[in-house]
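Q: Dropping the structure in here first, questions after.
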Amino acid sequence: MYGLRNRGPGGFTRWAAAALLWAVGTTGAAFAQTPPAPAVSTAVPAPAVTTTTTETPAVVPAGCSSCSKGLAPGLDALPTFGGEGGCASCGDGGCGGGCYPGRYPCDCCLDESTCCGRILGGIYRCICCPDPCYEPHWVALADAAFFQEGPRPVTQMNLRYEHVWDFPFPDKSEFLWAQSGGAGKGPHIATGATSYRDLVLYNEVGIDRFSASVAIPYVQISPDNGPGTSGFGDITIGTKSMLLDCELIQFTFAFNTIVQAGNFLTGLGTGHVSLEPAALMALKLHPRTYLQSELAYRIPIGGDQTYQGPVLHYHCSLNHLLWSCGHDIQLIGVAELNGYELLGGAYSDPAVLDGNGHPIPLSAKTIGSIINFGPGVRLVICDKIDFGVGTAFNITSNSMGDEMLRVQFRWRF
């Protein structure tokens, strides 16, 4: 018959078996080959989806829940600082409200509803947990006084002119002069008072929280009953070490050494060395007002054993911003109080003489407290240059000068 060839009973079976064997062979070869490398996608990846801790409880954010704990095992049972989680606040004053890596927040909660409480709380935070965002910098209001040093070490040049009228008994405790009247190192003529003027060049070099300084004075003396003289006086070498530095308070330890350099025979120096440790402070009372203070103790070494004596002197200044043009130009008013306590030594009174015509030593302690007070004004330009005038007027029976005037120019660089 014409058409398809008639296959016998085994013809189709043989063709089916051959096809099955070919399929199995090719599949086995495919499984025996190495899988191909995954294709590299050049498409831009889709943005990651942020998963919150509520959606994934196993994820714990770094921060307040762990900043007061370490990595050692078993610390979960230890108490944390500042309350639950280490950052809980305990009051409106912000106690414990900050959490910074590597430190714990303030956890001593003080009653800061009063002025003293706010000061104590601020000092506590300044010492124990200072603000890491605070950047140390020179503040004009914290260093505006005329008769005391500023607490912050800074590189500066200071040119100062001072005029003092009627300094009574200038050899008292050998603070200004050596013993006078012919029996000591001082001028041979005892005087009841003297006026003097000095021009002082002060240079300070500051590095971080430390500075060193030197002050060189040129002095002109005008005694009441003796010839005047002029020349270089005793040189002061000083250092400052800043102990506290925060927005509220600046506190510094200073140490001055007054070196014998002036001609003590004519009243240009004391004729001995003196050491003077001091504490300097500036306290921020208001964004426009600072309280600046100094407490110093002068210790004479190598002077006359009868006349030399320690002198405690303290200074307090209220510095207030009167006017400003932005932050670059500031006009600052100051009101200063200066006190002196003569704790030993003697002084000469030209009216009290012995048989040889020499003054009889009188106890310097009997002079009592010496206090003067006066206003001043200072113009600051860009925290680099400032100049001003300060005054002090005696308000006690004795004095370190009935009237004092200081004109000052400073340049920081």
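How things are named: the first chain in the structure tokens is A, the next is B, and so on; residues count from 1 in each chain; ligands count from 1 in the order shown.
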Neighbouring residues of region 324-338 of chain A were defined as those with any atom within 7 Å, considering only C-alpha atoms; residues of the same chain fewer than 6 positions away were excluded. Please report them as a list in words.
A: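 Neighbouring residues, sequence-local ones excluded: Ala145, Tyr314, His315, Cys316, Ser317, Leu318, Ile371, Asn372, Phe373, Gly374, Pro375, Gly376, Val377, Arg378, Leu379, Val380, Ile381 and Cys382 of chain A.
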Q: List every residue of region 113-197 of chain A that DSSP, applied to the backbone, labels as strand (DSSP E or B), and write the result as a list of chain:residue names.
A: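 So, restricting region 113-197 of chain A to strand (DSSP E or B), we get A:Gln156, A:Met157, A:Asn158, A:Leu159, A:Arg160, A:Tyr161, A:Glu162, A:His163, A:Val164, A:Trp165, A:Asp166, A:Phe167, A:Pro168, A:Ala193, A:Thr194, A:Ser195, A:Tyr196, A:Arg197.
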Q: Skip region 210-223 of chain A itself and residues of its chain fewer than 2 positions away, then list as a compact mmCIF listing (two decimals) with C-alpha atoms, in the first residue's frame all residues within 9 Å of it, counting only C-alpha atoms.
A:
```
# COMPACT_ATOMS: atom_id res chain seq x y z
CA ARG A 152 42.46 81.74 81.34
CA PRO A 153 46.02 81.14 80.08
CA VAL A 154 46.41 82.97 76.79
CA THR A 155 49.18 84.25 74.55
CA ASN A 158 50.01 93.65 77.84
CA ASP A 166 50.15 109.03 98.32
CA THR A 191 59.05 109.22 104.33
CA GLY A 192 55.45 109.31 105.35
CA ALA A 193 54.16 108.70 101.83
CA THR A 194 55.26 108.50 98.23
CA SER A 195 53.69 108.66 94.82
CA TYR A 196 54.90 106.54 91.95
CA ARG A 197 54.28 105.81 88.31
CA ASP A 198 55.25 102.68 86.42
CA LEU A 199 55.09 101.42 82.87
CA VAL A 200 54.87 97.63 82.77
CA LEU A 201 55.45 95.35 79.79
CA TYR A 202 53.75 92.00 80.42
CA ASN A 203 54.14 89.08 78.02
CA GLU A 204 52.35 85.76 78.43
CA VAL A 205 52.62 82.56 76.37
CA GLY A 206 49.75 80.10 76.77
CA ILE A 207 49.49 76.49 75.60
CA ASP A 208 46.15 74.81 76.27
CA ASN A 225 60.35 114.51 101.59
CA GLY A 226 63.10 113.12 99.41
CA PRO A 227 64.56 113.20 95.90
CA GLY A 228 62.76 111.32 93.18
CA THR A 229 64.31 108.59 91.07
CA SER A 230 63.47 106.31 88.19
CA GLY A 231 64.64 103.03 86.70
CA PHE A 232 63.69 99.42 86.18
CA GLY A 233 61.97 97.72 89.10
CA ASP A 234 61.65 94.13 90.30
CA ILE A 235 60.69 91.57 87.64
CA THR A 236 57.74 89.22 88.10
CA ILE A 237 57.83 85.73 86.57
CA GLY A 238 54.57 83.82 86.68
CA THR A 239 52.81 80.62 85.67
CA LYS A 240 49.15 79.63 85.37
CA SER A 241 47.61 76.16 85.49
CA MET A 242 43.89 75.98 84.71
CA ASN A 256 54.32 84.42 90.76
CA GLY A 262 65.45 97.18 90.85
CA THR A 266 66.52 104.34 95.91
CA GLY A 267 63.16 102.65 96.41
CA LEU A 268 62.90 100.90 93.04
```
Q: Kindly give the distance, in Å, that separates CA of Tyr347 (chain A) and CA of Ser293 (chain A), rounded to a single decimal.
A: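 Interatomic distance, CA of Tyr347 (chain A) to CA of Ser293 (chain A): 28.5 Å.
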Q: Run DSSP on the backbone and give me the residues of region 128-366 of chain A it puts in helix (DSSP H, G or I), as a PyMOL selection string.
A: chain A and resi 128+140-143+172-174+264-266+364-366
Q: Report as CSV the residues of region 290-363 of chain A within 9 Å of region 168-171 of chain A, each with its shortest atom pair and distance in Å (one decimal), using only C-alpha atoms, ordered by chain and increasing residue number.
A:
```
residue,atom,partner,partner_atom,distance
A:Tyr307,CA,A:Asp171,CA,7.8
A:Gln308,CA,A:Asp171,CA,8.7
A:Ala346,CA,A:Asp171,CA,8.0
A:Tyr347,CA,A:Asp171,CA,5.6
A:Ser348,CA,A:Phe169,CA,6.4
A:Asp349,CA,A:Phe169,CA,6.8
A:Pro350,CA,A:Phe169,CA,8.9
```
Q: Record the distance separating CA of Thr306 (chain A) and CA of Glu174 (chain A), expressed in Å with one decimal.
A: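 Computing the Euclidean distance for CA of Thr306 (chain A) and CA of Glu174 (chain A) yields 9.8 Å.
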Q: With only C-alpha atoms as the counted atoms, please give the residues lying no more than 8 Å from Leu280 (chain A), apart from itself and same-chain residues fewer than 3 positions off, as a list in words.
A: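 The residues that qualify are Glu149, Gly150, Pro151, Phe251, Thr252, Phe253, Ala254, Gln292, Ser293, Glu294 and Leu295 of chain A.
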